[in-house]
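Novice: Quick one, target.cif (mmCIF, C-alpha atoms):
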```
data_structure
#
loop_
_atom_site.label_atom_id
_atom_site.label_comp_id
_atom_site.auth_asym_id
_atom_site.auth_seq_id
_atom_site.Cartn_x
_atom_site.Cartn_y
_atom_site.Cartn_z
CA MET A 1057 25.23 -1.88 -2.56
CA LYS A 1058 25.34 -1.50 -6.32
CA ASP A 1059 22.51 0.12 -8.22
CA ARG A 1060 20.30 -2.60 -9.63
CA SER A 1061 18.06 -2.43 -12.66
CA MET A 1062 15.76 -5.22 -13.74
CA PHE A 1063 13.67 -5.20 -16.84
CA GLY A 1064 10.47 -6.91 -17.85
CA LYS A 1065 8.35 -6.46 -20.92
CA LEU A 1066 4.60 -6.31 -21.24
CA PHE A 1067 3.02 -5.97 -24.71
CA ILE A 1068 -0.32 -4.23 -24.89
CA ILE A 1069 -2.58 -3.75 -27.90
CA THR A 1070 -3.93 -0.20 -27.83
CA GLN A 1071 -7.00 0.54 -29.89
CA LEU A 1072 -6.98 4.08 -31.26
CA ALA A 1073 -9.72 5.97 -33.05
CA PHE A 1074 -8.75 4.92 -36.58
CA GLY A 1075 -6.81 1.73 -36.20
CA TYR A 1076 -4.51 -0.31 -33.99
CA THR A 1077 -1.00 0.41 -32.83
CA LEU A 1078 1.23 -2.18 -31.19
CA PHE A 1079 3.72 -0.76 -28.75
CA ALA A 1080 5.97 -2.25 -26.09
CA GLN A 1081 6.25 -1.09 -22.50
CA ASN A 1082 9.42 -1.78 -20.60
CA TYR A 1083 8.94 -1.79 -16.84
CA SER A 1084 12.03 -1.49 -14.71
CA VAL A 1085 12.89 -1.45 -11.04
CA GLU A 1086 15.77 0.87 -10.22
CA ASN A 1087 17.52 1.99 -7.08
CA ALA A 1088 15.66 5.21 -6.32
CA PHE A 1089 18.35 6.57 -4.01
CA PRO A 1090 21.70 5.05 -5.03
CA ASN A 1091 23.74 7.09 -2.54
CA ILE A 1092 22.01 5.80 0.60
CA SER A 1093 21.16 2.39 2.05
CA PHE A 1094 19.32 0.98 5.05
CA THR A 1095 19.46 -1.81 7.62
CA ASP A 1096 16.64 -4.29 7.05
CA PRO A 1097 14.10 -1.82 5.61
CA VAL A 1098 10.52 -3.09 6.02
CA GLY A 1099 8.43 -0.02 5.24
CA ILE A 1100 8.48 3.32 3.44
CA HIS A 1101 6.03 6.15 4.03
CA HIS A 1102 5.40 9.82 3.49
CA ALA A 1103 3.73 12.01 6.10
CA ASP A 1104 1.25 13.65 3.71
CA ASP A 1105 2.44 17.03 4.97
CA GLY A 1106 3.64 18.48 1.67
CA THR A 1107 7.34 18.32 2.60
CA ASN A 1108 8.21 15.58 0.07
CA ARG A 1109 10.10 13.66 2.75
CA LEU A 1110 10.26 9.88 2.97
CA PHE A 1111 10.43 7.79 6.15
CA VAL A 1112 11.95 4.31 6.10
CA ILE A 1113 11.32 1.75 8.84
CA GLU A 1114 14.42 -0.24 9.79
CA GLN A 1115 13.33 -3.48 11.44
CA PRO A 1116 15.87 -3.37 14.31
CA GLY A 1117 14.14 -0.24 15.60
CA LYS A 1118 14.87 2.96 13.68
CA ILE A 1119 12.95 5.29 11.41
CA MET A 1120 15.12 7.19 8.94
CA VAL A 1121 14.01 10.36 7.14
CA PHE A 1122 15.33 12.02 3.99
CA SER A 1123 14.29 14.18 1.08
CA ASN A 1124 12.63 12.45 -1.86
CA GLU A 1125 15.39 13.34 -4.32
CA SER A 1126 17.36 10.74 -6.25
CA SER A 1127 20.63 12.53 -5.51
CA VAL A 1128 20.15 12.56 -1.73
CA SER A 1129 23.32 11.40 0.01
CA ASN A 1130 22.43 11.36 3.69
CA THR A 1131 19.60 10.39 6.01
CA GLU A 1132 18.65 11.51 9.48
CA THR A 1133 17.40 9.38 12.35
CA PHE A 1134 13.80 10.37 12.95
CA LEU A 1135 13.27 7.87 15.79
CA ASN A 1136 15.55 5.34 17.47
CA ILE A 1137 13.83 2.83 19.77
CA MET A 1138 16.28 -0.04 19.31
CA SER A 1139 16.72 -0.24 23.08
CA ILE A 1140 13.08 -1.24 23.59
CA VAL A 1141 12.51 -3.32 20.44
CA ASP A 1142 13.11 -7.04 20.90
CA GLN A 1143 13.76 -9.52 18.09
CA ASP A 1144 14.46 -13.22 17.84
CA GLY A 1145 17.96 -14.00 16.54
CA GLY A 1146 18.66 -14.60 12.84
CA TYR A 1147 15.77 -14.33 10.40
CA THR A 1148 12.92 -12.81 12.33
CA GLU A 1149 9.40 -11.52 11.88
CA GLU A 1150 9.78 -9.35 14.98
CA GLY A 1151 11.06 -5.82 15.33
CA LEU A 1152 9.79 -2.39 14.36
CA LEU A 1153 7.11 -3.35 11.85
CA GLY A 1154 4.67 -0.51 11.28
CA LEU A 1155 4.32 3.27 11.04
CA ALA A 1156 1.30 5.51 10.56
CA PHE A 1157 1.11 9.29 10.55
CA HIS A 1158 -1.92 10.93 12.11
CA PRO A 1159 -4.19 12.58 9.50
CA ASN A 1160 -3.49 15.91 11.26
CA PHE A 1161 0.24 15.26 11.57
CA SER A 1162 1.05 18.72 10.19
CA GLU A 1163 -0.76 20.27 13.16
CA ASN A 1164 -0.30 17.82 16.05
CA GLY A 1165 2.94 16.03 15.14
CA TYR A 1166 1.53 12.62 16.13
CA PHE A 1167 2.68 9.38 14.57
CA TYR A 1168 2.21 5.76 15.62
CA VAL A 1169 4.56 2.77 15.60
CA ASN A 1170 4.04 -0.98 15.91
CA TYR A 1171 6.92 -2.96 17.42
CA THR A 1172 7.61 -6.18 19.32
CA ASP A 1173 8.85 -6.30 22.89
CA TYR A 1174 9.53 -9.12 25.34
CA GLY A 1175 8.52 -9.77 28.95
CA PRO A 1176 6.04 -11.01 27.77
CA LYS A 1177 6.28 -11.29 23.98
CA ARG A 1178 3.87 -8.74 22.59
CA ASN A 1179 3.06 -6.19 19.93
CA VAL A 1180 3.16 -2.63 21.21
CA ILE A 1181 1.27 0.20 19.52
CA ALA A 1182 2.67 3.53 20.70
CA ARG A 1183 2.21 7.17 19.81
CA TYR A 1184 5.14 9.56 19.50
CA THR A 1185 5.31 13.28 18.78
CA VAL A 1186 7.70 15.12 16.50
CA SER A 1187 10.21 17.44 18.18
CA ASP A 1188 9.17 21.08 18.58
CA SER A 1189 12.62 22.21 17.46
CA ASN A 1190 13.46 19.76 14.67
CA SER A 1191 10.85 18.42 12.22
CA ASN A 1192 13.25 15.61 11.21
CA GLN A 1193 13.45 14.24 14.74
CA ALA A 1194 10.88 12.70 17.05
CA ASP A 1195 10.66 13.38 20.77
CA TYR A 1196 11.75 10.05 22.26
CA SER A 1197 10.24 10.92 25.65
CA SER A 1198 6.79 11.51 24.15
CA SER A 1199 5.91 7.79 23.95
CA LEU A 1200 2.33 6.94 24.86
CA ILE A 1201 1.34 3.26 24.82
CA ILE A 1202 -1.98 2.88 23.01
CA LEU A 1203 -2.43 -0.89 22.89
CA GLU A 1204 -0.49 -4.08 23.67
CA VAL A 1205 -1.30 -7.57 22.38
CA ASN A 1206 0.53 -10.61 23.75
CA GLN A 1207 2.10 -12.97 21.21
CA PRO A 1208 2.60 -16.67 22.07
CA TYR A 1209 5.29 -17.22 19.40
CA THR A 1210 7.89 -15.14 17.59
CA ASN A 1211 6.31 -15.22 14.12
CA HIS A 1212 3.09 -13.83 12.63
CA ASN A 1213 3.13 -10.43 14.26
CA GLY A 1214 1.29 -8.58 11.50
CA GLY A 1215 2.48 -5.02 11.94
CA GLN A 1216 0.64 -2.92 9.39
CA MET A 1217 -1.14 0.25 10.51
CA GLY A 1218 -3.01 2.98 8.71
CA PHE A 1219 -5.65 5.63 9.21
CA GLY A 1220 -8.88 5.13 7.31
CA PRO A 1221 -9.14 7.84 4.65
CA ASP A 1222 -12.86 8.36 5.28
CA ASP A 1223 -13.28 7.74 9.00
CA GLY A 1224 -9.91 8.80 10.48
CA TYR A 1225 -9.71 5.70 12.68
CA LEU A 1226 -6.53 3.67 13.19
CA TYR A 1227 -6.52 0.18 11.62
CA ILE A 1228 -3.97 -2.40 12.81
CA SER A 1229 -3.27 -5.94 11.62
CA PHE A 1230 -2.28 -8.73 14.01
CA GLY A 1231 -1.13 -12.19 12.94
CA ASP A 1232 -2.64 -15.38 14.34
CA GLY A 1233 0.00 -15.73 17.05
CA GLY A 1234 2.46 -17.81 15.09
CA SER A 1235 3.94 -21.28 15.10
CA ALA A 1236 2.32 -23.18 12.20
CA GLY A 1237 -1.30 -23.97 11.43
CA ASP A 1238 -2.64 -21.67 14.19
CA PRO A 1239 -2.38 -24.25 17.01
CA GLN A 1240 -4.31 -22.03 19.43
CA GLY A 1241 -7.20 -21.48 17.02
CA ASN A 1242 -6.91 -17.71 17.23
CA GLY A 1243 -8.06 -17.09 13.67
CA GLN A 1244 -11.63 -18.16 14.47
CA ASN A 1245 -11.68 -16.82 18.05
CA LEU A 1246 -13.41 -13.46 18.46
CA GLN A 1247 -12.18 -13.25 22.06
CA THR A 1248 -8.64 -12.40 20.93
CA LEU A 1249 -7.19 -9.69 18.71
CA LEU A 1250 -4.81 -12.20 17.13
CA GLY A 1251 -5.70 -13.06 13.54
CA THR A 1252 -7.61 -9.81 13.03
CA ILE A 1253 -7.62 -6.28 11.72
CA VAL A 1254 -8.75 -3.94 14.47
CA ARG A 1255 -10.14 -0.41 14.22
CA ILE A 1256 -9.83 2.07 17.08
CA ASP A 1257 -10.36 5.78 17.69
CA VAL A 1258 -7.11 7.27 19.00
CA ASP A 1259 -8.53 10.80 19.23
CA ASN A 1260 -10.91 9.95 22.06
CA ILE A 1261 -10.14 8.15 25.32
CA THR A 1262 -12.66 6.03 27.23
CA ASN A 1263 -12.76 3.36 29.94
CA GLY A 1264 -9.22 4.06 31.13
CA GLN A 1265 -7.74 3.18 27.73
CA ASN A 1266 -5.79 5.45 25.41
CA TYR A 1267 -8.33 4.85 22.68
CA SER A 1268 -12.05 4.31 22.23
CA ILE A 1269 -14.21 2.03 20.09
CA PRO A 1270 -15.90 3.50 16.99
CA ALA A 1271 -19.67 3.32 17.37
CA ASP A 1272 -20.05 1.42 14.09
CA ASN A 1273 -17.47 -1.29 14.73
CA PRO A 1274 -19.11 -4.61 13.76
CA PHE A 1275 -18.64 -6.65 16.97
CA LEU A 1276 -19.90 -4.40 19.75
CA VAL A 1277 -21.55 -5.60 22.96
CA PRO A 1278 -23.70 -7.66 23.44
CA LEU A 1279 -21.84 -9.80 20.88
CA ALA A 1280 -19.32 -12.14 22.51
CA ALA A 1281 -16.32 -10.60 20.81
CA ARG A 1282 -13.60 -8.01 21.26
CA ASP A 1283 -15.08 -4.62 20.37
CA GLU A 1284 -11.90 -3.56 18.57
CA ILE A 1285 -12.22 -6.20 15.83
CA TYR A 1286 -13.01 -4.98 12.32
CA ALA A 1287 -12.42 -8.25 10.43
CA TYR A 1288 -11.00 -11.66 11.39
CA GLY A 1289 -9.96 -15.10 10.16
CA LEU A 1290 -6.59 -13.81 8.95
CA ARG A 1291 -3.31 -15.71 9.22
CA ASN A 1292 -0.70 -12.97 8.88
CA MET A 1293 -1.72 -10.03 6.74
CA TRP A 1294 1.52 -8.52 5.51
CA ARG A 1295 0.48 -5.06 4.43
CA PHE A 1296 -2.89 -3.56 3.68
CA SER A 1297 -3.80 -0.32 1.93
CA TRP A 1298 -6.76 1.70 0.71
CA ASP A 1299 -7.49 2.51 -2.91
CA SER A 1300 -7.52 6.31 -2.88
CA VAL A 1301 -10.29 6.39 -5.51
CA THR A 1302 -12.71 3.58 -4.59
CA GLY A 1303 -11.96 3.50 -0.86
CA LEU A 1304 -11.64 -0.30 -0.92
CA LEU A 1305 -9.31 -1.78 1.71
CA TRP A 1306 -6.91 -4.28 0.10
CA GLY A 1307 -4.82 -6.81 1.99
CA ALA A 1308 -2.35 -9.62 1.31
CA ASP A 1309 -2.57 -12.59 3.68
CA VAL A 1310 0.44 -14.90 3.86
CA GLY A 1311 -0.46 -18.59 3.50
CA GLN A 1312 0.67 -21.70 5.36
CA TYR A 1313 1.81 -24.38 2.92
CA ASN A 1314 -0.22 -24.01 -0.24
CA TRP A 1315 -1.84 -20.63 -1.05
CA GLU A 1316 -1.13 -16.91 -0.83
CA GLU A 1317 -4.19 -14.69 -1.03
CA ILE A 1318 -5.37 -11.18 -1.89
CA ASP A 1319 -8.44 -9.93 -0.03
CA ILE A 1320 -10.80 -6.98 -0.04
CA ILE A 1321 -11.46 -6.28 3.63
CA TYR A 1322 -15.01 -5.47 4.72
CA PRO A 1323 -16.23 -4.86 8.28
CA GLY A 1324 -17.47 -7.87 10.22
CA LEU A 1325 -16.39 -10.52 7.73
CA ASN A 1326 -14.58 -13.79 8.46
CA TYR A 1327 -11.74 -14.57 6.03
CA GLY A 1328 -11.57 -18.24 6.90
CA TRP A 1329 -8.24 -19.04 8.55
CA ASN A 1330 -7.57 -21.67 9.90
CA THR A 1331 -10.57 -23.52 8.50
CA MET A 1332 -9.50 -22.42 5.05
CA GLU A 1333 -6.29 -21.42 3.30
CA GLY A 1334 -7.22 -19.28 0.34
CA ASN A 1335 -10.20 -20.88 -1.41
CA HIS A 1336 -9.34 -24.34 -0.03
CA CYS A 1337 -10.10 -26.29 3.10
CA TYR A 1338 -7.25 -26.49 5.60
CA PRO A 1339 -5.45 -28.79 6.18
CA GLU A 1340 -5.12 -29.77 2.56
CA GLY A 1341 -7.42 -32.63 1.65
CA SER A 1342 -9.80 -32.04 4.54
CA ASN A 1343 -13.49 -31.24 4.23
CA CYS A 1344 -14.97 -28.05 5.60
CA ASN A 1345 -18.11 -25.95 5.53
CA THR A 1346 -17.33 -22.72 3.68
CA ASP A 1347 -20.56 -20.97 4.64
CA GLY A 1348 -19.98 -17.61 6.26
CA PHE A 1349 -16.44 -17.14 4.95
CA GLU A 1350 -15.33 -14.29 2.71
CA LEU A 1351 -13.13 -15.88 0.07
CA PRO A 1352 -10.12 -14.11 -1.46
CA ILE A 1353 -10.48 -12.23 -4.74
CA TYR A 1354 -7.25 -13.87 -5.93
CA GLU A 1355 -4.81 -16.54 -4.83
CA TYR A 1356 -1.57 -18.03 -6.10
CA PRO A 1357 0.04 -21.36 -5.23
CA LEU A 1358 3.03 -21.50 -2.92
CA TYR A 1359 6.45 -22.89 -3.86
CA VAL A 1360 5.83 -22.79 -7.61
CA ASP A 1361 8.77 -21.24 -9.51
CA GLY A 1362 10.28 -20.16 -6.22
CA VAL A 1363 7.48 -18.00 -4.80
CA CYS A 1364 7.06 -18.24 -1.05
CA SER A 1365 5.44 -15.23 0.65
CA VAL A 1366 3.12 -12.50 -0.60
CA THR A 1367 3.87 -8.83 0.06
CA GLY A 1368 0.89 -6.53 -0.23
CA GLY A 1369 1.08 -3.27 -2.14
CA PHE A 1370 -1.19 -0.56 -3.51
CA VAL A 1371 -3.75 0.17 -6.17
CA TYR A 1372 -1.79 2.37 -8.54
CA ARG A 1373 -3.09 5.93 -8.81
CA GLY A 1374 0.06 7.72 -9.91
CA SER A 1375 0.49 9.57 -13.18
CA ASN A 1376 3.69 8.09 -14.64
CA MET A 1377 2.35 4.65 -15.64
CA PRO A 1378 -1.15 4.92 -17.13
CA SER A 1379 -1.03 1.25 -18.14
CA LEU A 1380 -1.22 0.30 -14.45
CA ASN A 1381 -3.88 2.77 -13.39
CA GLY A 1382 -6.45 1.19 -11.09
CA LYS A 1383 -4.57 -2.09 -10.76
CA TYR A 1384 -3.41 -3.55 -7.46
CA LEU A 1385 0.39 -3.94 -7.44
CA TYR A 1386 1.85 -6.56 -5.12
CA GLY A 1387 4.77 -8.97 -5.04
CA ASP A 1388 6.49 -12.02 -3.62
CA TRP A 1389 9.27 -11.82 -1.05
CA CYS A 1390 11.34 -14.72 -2.39
CA THR A 1391 11.36 -14.12 -6.15
CA GLY A 1392 10.72 -10.39 -6.37
CA ASP A 1393 7.87 -10.99 -8.78
CA ILE A 1394 5.61 -7.95 -9.11
CA TRP A 1395 2.08 -8.44 -10.40
CA ALA A 1396 -0.83 -6.16 -11.32
CA LEU A 1397 -4.29 -7.39 -10.36
CA ASN A 1398 -7.20 -5.83 -12.23
CA TYR A 1399 -10.16 -6.35 -9.91
CA SER A 1400 -13.67 -7.05 -11.12
CA GLU A 1401 -16.58 -7.38 -8.70
CA GLY A 1402 -18.10 -9.88 -11.11
CA GLY A 1403 -15.34 -12.36 -10.33
CA ASN A 1404 -13.35 -11.98 -13.54
CA SER A 1405 -10.29 -10.36 -11.99
CA GLU A 1406 -7.20 -10.56 -14.17
CA ASN A 1407 -3.65 -10.91 -12.87
CA GLU A 1408 -0.69 -9.98 -15.05
CA SER A 1409 3.04 -10.17 -14.50
CA VAL A 1410 4.74 -6.77 -14.45
CA ILE A 1411 8.34 -7.77 -13.77
CA GLN A 1412 10.47 -10.35 -11.98
CA SER A 1413 12.76 -8.04 -10.05
CA GLY A 1414 14.90 -10.49 -8.08
CA ILE A 1415 14.49 -8.27 -5.00
CA ASN A 1416 13.46 -9.71 -1.65
CA ILE A 1417 10.46 -7.38 -1.44
CA THR A 1418 9.67 -6.60 2.19
CA SER A 1419 7.23 -3.79 1.52
CA PHE A 1420 5.78 -1.39 -1.01
CA GLY A 1421 5.25 2.30 -0.40
CA LEU A 1422 4.06 5.49 -2.03
CA ASP A 1423 5.61 8.92 -2.33
CA GLN A 1424 3.43 12.01 -2.06
CA ASN A 1425 2.70 11.77 -5.81
CA ASN A 1426 1.37 8.20 -5.46
CA GLU A 1427 4.31 6.68 -7.33
CA ILE A 1428 5.35 3.17 -6.27
CA LEU A 1429 8.43 2.55 -4.12
CA ILE A 1430 9.79 -0.82 -3.00
CA CYS A 1431 11.80 -1.90 0.07
CA GLY A 1432 14.30 -4.73 -0.18
CA ASN A 1433 17.93 -5.79 -0.08
CA GLY A 1434 18.94 -2.74 1.97
CA ASN A 1435 17.67 -0.25 -0.60
CA ILE A 1436 14.60 1.64 -1.75
CA TYR A 1437 13.65 1.00 -5.38
CA GLN A 1438 11.16 2.61 -7.71
CA LEU A 1439 8.97 1.00 -10.33
CA ILE A 1440 9.10 2.94 -13.59
CA SER A 1441 7.99 2.51 -17.20
CA ASP A 1442 9.15 3.88 -20.52
CA GLU A 1443 5.60 4.33 -21.76
CA GLN A 1444 4.57 7.65 -23.24
CA ILE A 1445 2.37 9.31 -20.64
CA GLY A 1446 0.21 11.48 -22.89
CA MET A 1447 -2.37 13.76 -21.30
CA MET A 1448 -5.79 13.51 -19.71
CA GLY A 1449 -8.54 13.88 -22.29
CA ASP A 1450 -6.37 13.08 -25.31
CA LEU A 1451 -7.70 9.58 -25.78
CA ASN A 1452 -6.36 9.11 -29.31
CA GLN A 1453 -2.93 10.53 -28.44
CA ASP A 1454 -2.81 13.04 -31.28
CA GLY A 1455 -1.72 15.89 -29.03
CA LEU A 1456 -5.15 17.55 -29.20
CA ILE A 1457 -8.34 17.38 -27.17
CA ASN A 1458 -11.24 17.53 -29.61
CA VAL A 1459 -14.42 15.87 -30.86
CA GLN A 1460 -12.55 12.69 -31.80
CA ASP A 1461 -11.80 12.12 -28.13
CA ILE A 1462 -15.48 12.60 -27.30
CA ILE A 1463 -16.36 9.92 -29.89
CA ILE A 1464 -13.93 7.46 -28.29
CA SER A 1465 -15.39 8.19 -24.84
CA ILE A 1466 -18.93 7.63 -26.10
CA ASN A 1467 -17.87 4.32 -27.68
CA ILE A 1468 -16.42 3.23 -24.34
CA ILE A 1469 -19.65 4.13 -22.52
CA LEU A 1470 -21.63 2.16 -25.11
CA GLY A 1471 -19.58 -0.96 -24.42
CA GLY A 1472 -16.39 -0.57 -26.41
CA ASP A 1473 -13.22 -2.30 -25.25
CA PRO A 1474 -10.86 0.49 -24.13
CA SER A 1475 -7.11 0.25 -23.80
CA ASP A 1476 -5.40 0.90 -20.48
CA TYR A 1477 -4.31 4.31 -21.77
CA GLU A 1478 -7.85 5.23 -22.85
CA LEU A 1479 -9.20 4.22 -19.43
CA TRP A 1480 -6.67 6.51 -17.80
CA SER A 1481 -6.95 9.43 -20.21
CA GLY A 1482 -10.76 9.38 -20.42
CA ASP A 1483 -11.41 9.16 -16.68
CA LEU A 1484 -11.15 12.91 -16.08
CA ASN A 1485 -12.78 12.87 -12.66
CA GLU A 1486 -10.63 9.88 -11.60
CA ASP A 1487 -13.46 7.74 -10.24
CA SER A 1488 -12.40 4.61 -12.19
CA VAL A 1489 -15.45 4.86 -14.47
CA ILE A 1490 -15.83 6.59 -17.83
CA ASP A 1491 -19.35 8.01 -17.93
CA ILE A 1492 -21.36 11.11 -18.84
CA LEU A 1493 -19.59 13.16 -16.16
CA ASP A 1494 -16.30 12.60 -17.98
CA ILE A 1495 -17.94 13.64 -21.27
CA VAL A 1496 -19.05 16.91 -19.63
CA LEU A 1497 -15.51 17.56 -18.35
CA LEU A 1498 -14.10 16.72 -21.78
CA ILE A 1499 -16.43 19.20 -23.45
CA ASN A 1500 -15.42 21.84 -20.92
CA LEU A 1501 -11.77 21.21 -21.73
CA ILE A 1502 -12.47 21.70 -25.44
CA LEU A 1503 -14.46 24.88 -24.86
CA THR A 1504 -11.82 26.43 -22.60
CA SER A 1505 -8.73 25.44 -24.58
#
```
Is it possible to give me this structure as structure tokens?
Specialist:
Amino acid sequence: MKDRSMFGKLFIITQLAFGYTLFAQNYSVENAFPNISFTDPVGIHHADDGTNRLFVIEQPGKIMVFSNESSVSNTETFLNIMSIVDQDGGYTEEGLLGLAFHPNFSENGYFYVNYTDYGPKRNVIARYTVSDSNSNQADYSSSLIILEVNQPYTNHNGGQMGFGPDDGYLYISFGDGGSAGDPQGNGQNLQTLLGTIVRIDVDNITNGQNYSIPADNPFLVPLAARDEIYAYGLRNMWRFSWDSVTGLLWGADVGQYNWEEIDIIYPGLNYGWNTMEGNHCYPEGSNCNTDGFELPIYEYPLYVDGVCSVTGGFVYRGSNMPSLNGKYLYGDWCTGDIWALNYSEGGNSENESVIQSGINITSFGLDQNNEILICGNGNIYQLISDEQIGMMGDLNQDGLINVQDIIISINIILGGDPSDYELWSGDLNEDSVIDILDIVLLINLILTS
């Protein structure tokens, strides 16, 4: 497939210490690895093991591994389970859907996959182990089934998995079971794992299962609910991720006919489906009681200008695009639109268009440097910007770190309106807030330079 490059333009007014400068940022999406391609890629991951490798999920049932170098010309098959992965014919939401590396992968070699199988239709969560003799190949015979969840229909299988950065537990998303409108009412049924995000402990085994229930899960006995459930009322969350700075768990829930939504996931909360779709009663035009539901932090209407299905992404914490720092990047599968959502707990979240890529975005991913990668159209793309990066602490971009930068930081603390660059450059401890701690670090930089 030919290398593709799409360009979008976002103009930002940057306030400097002694005036205003207008500059243009050109965002582009480029084929990150033009010499390789993939079969139906639906996920891209790194193992957080310092090897700078990338792992791509191919929906029919393979995981491919390669070095994160733009000139790479070949991939290796890390795992091939096509013989046990079942998919519906044609367009399908089934297949190999999720991958998560154990936090101690470097030591134990464990990784987890989420795939669909038939007889009966179900999601299978299984653990595999990397080969003792080849770090680029898994031991096929090492499969250990952790959890299986029956699926009544072929669609809405969820598939995302990830280990909580603070607790080390495995989180898994399951769709509502499929069809349309949740005919079985799974979204509001705490007796099923369908329509939920679950949280389990895969390092400890209890009650004859290959996992145990964390002691602080929100729906433990004597509540009449499945102990595994962390949050519920979800239709089909297609990708969730944690902000590496704030620890917030972000998710994108695919809508039915009218609304796509972005959620912050908290333990024990009910996100409304199928009583609600986004902020609105479902079905459209009906009346409902919204008490007890956690509403999305953002929604966008379906089938406007071609959009059709949200694909969740990541809060950007890389170093190459300061203008996007702290913003949640996500997209739409049909149009390839990529947006940046600037979240505010006060309800004034702002959504801005980054680029209309034209890619059928199946998933976002991160490399080991937290730079954004994108799956779609048989390739892996990267989001890049031509903005001048500058350096931490140099808020006025004069190439020096001095008292002028301290003045700008103090003005920000006192209520000034900082630019995206200033927010990035002045946040020296990377906690998403510019405060006295950053002033202390800035002074230390000046004194030691």
Novice: For A:Val1366, work out the shell of residues within 7 Å, counting all atoms listed in the file and skipping chain neighbours fewer than 3 positions away, then give it as a ChimeraX atom specification.
Specialist: /A:1308,1310,1316,1387-1389
Novice: What does the distance from atom CA of A:Asn1130 to atom CA of A:Gly1106 come to in Å, to one decimal?
Specialist: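 The value is 20.2 Å.
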Novice: May I ask for the distance between atom CA of A:Leu1153 and atom CA of A:Gly1214, given in Å to one decimal place?
Specialist: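 Straight-line distance from atom CA of A:Leu1153 to atom CA of A:Gly1214 works out to 7.8 Å.
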Novice: I need every residue sitting at most 10 Å from the point (-12.3, -13.6, 7.2) (coordinates as in the file, all atoms listed in the file considered), written as a ChimeraX atom specification.
Specialist: /A:1243-1244,1251-1253,1287-1291,1319-1330,1332,1348-1352
Novice: Mind listing as a list in words all residues within 8 Å of (10.4, 18.3, 5.4), counting all atoms listed in the file?
Specialist: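 Looking at atoms near the point gives Gly1106, Thr1107, Asn1108, Arg1109, Ser1123, Ser1191 and Asn1192 of chain A.
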Novice: Which is closer to A:Arg1183 than all the others in A:Ser1199, A:Thr1331, A:Thr1367, A:Ser1235, using all atoms listed in the file?
Specialist: A:Ser1199
Novice: May I ask which of the residues A:Pro1208, A:Gly1165, A:Gly1472, A:Gly1218 is the closest one to A:Asp1232, counting all atoms listed in the file?
Specialist: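 Using all atoms listed in the file, the shortest distance to A:Asp1232 belongs to A:Pro1208.
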Novice: Written as a list in words, which residues does the PyMOL selection byres ((chain A and resi 1300) around 8) give for the file shown?
Specialist: Pro1221, Trp1298, Asp1299, Val1301, Thr1302, Gly1303, Val1371 and Arg1373 of chain A
Novice: For each of A:Ile1318, A:Asn1404, A:Leu1429, A:Val1141, take the minimum atom-to-atom distance to A:Tyr1372, counting only C-alpha atoms, then give the residue where this is smallest.
Specialist: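 Closest residue, counting only C-alpha atoms: A:Leu1429.
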Novice: As a list of chain:residue names, please: the residues near A:Tyr1196 (cut-off 12 Å, all atoms listed in the file, same-chain neighbours under 4 positions excluded).
Specialist: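 Near neighbours after the sequence-gap exclusion: A:Lys1118, A:Ile1119, A:Thr1133, A:Phe1134, A:Leu1135, A:Asn1136, A:Ile1137, A:Met1138, A:Ser1139, A:Ile1140, A:Phe1167, A:Ala1182, A:Arg1183, A:Tyr1184, A:Thr1185, A:Val1186, A:Ser1187, A:Asp1188, A:Leu1200.
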Novice: Excluding same-chain residues fewer than 2 positions from stretch 1084-1098 of chain A, what lies within 7 Å of it counting all atoms listed in the file, as a count of residues only?
Specialist: 30
Novice: Could you state which residues are captured by the PyMOL selection byres ((chain A and resi 1267) around 8) in this file, as a ChimeraX atom specification?
Specialist: /A:1202,1256-1262,1265-1266,1268-1269
Novice: List as a PyMOL selection string the protein and nucleic acid residues near A:Asp1483, meaning an atom at most 9 Å away when only C-alpha atoms are counted, but skip any in the same chain fewer than 5 places from it.
Specialist: chain A and resi 1448-1449+1478+1488-1491+1494
Novice: Determine the residue set returned by the PyMOL selection byres ((chain A and resi 1143) around 12) for the present structure, and present it as a ChimeraX atom specification.
Specialist: /A:1115-1117,1138-1142,1144-1153,1171-1174,1177-1179,1209-1211,1213
Novice: What lies within 6 Å of A:His1212 using only C-alpha atoms, ignoring chain neighbours under 2 positions off, as an MDAnalysis selection string?
Specialist: chainID A and resid 1214 1231 1233:1234 1292
Novice: Rank nothing, just name the residue among A:Tyr1168, A:Phe1157, A:Tyr1399, A:Tyr1354 nearest to A:Ser1198, using all atoms listed in the file.
Specialist: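 Among the listed residues, A:Tyr1168 lies closest to A:Ser1198.
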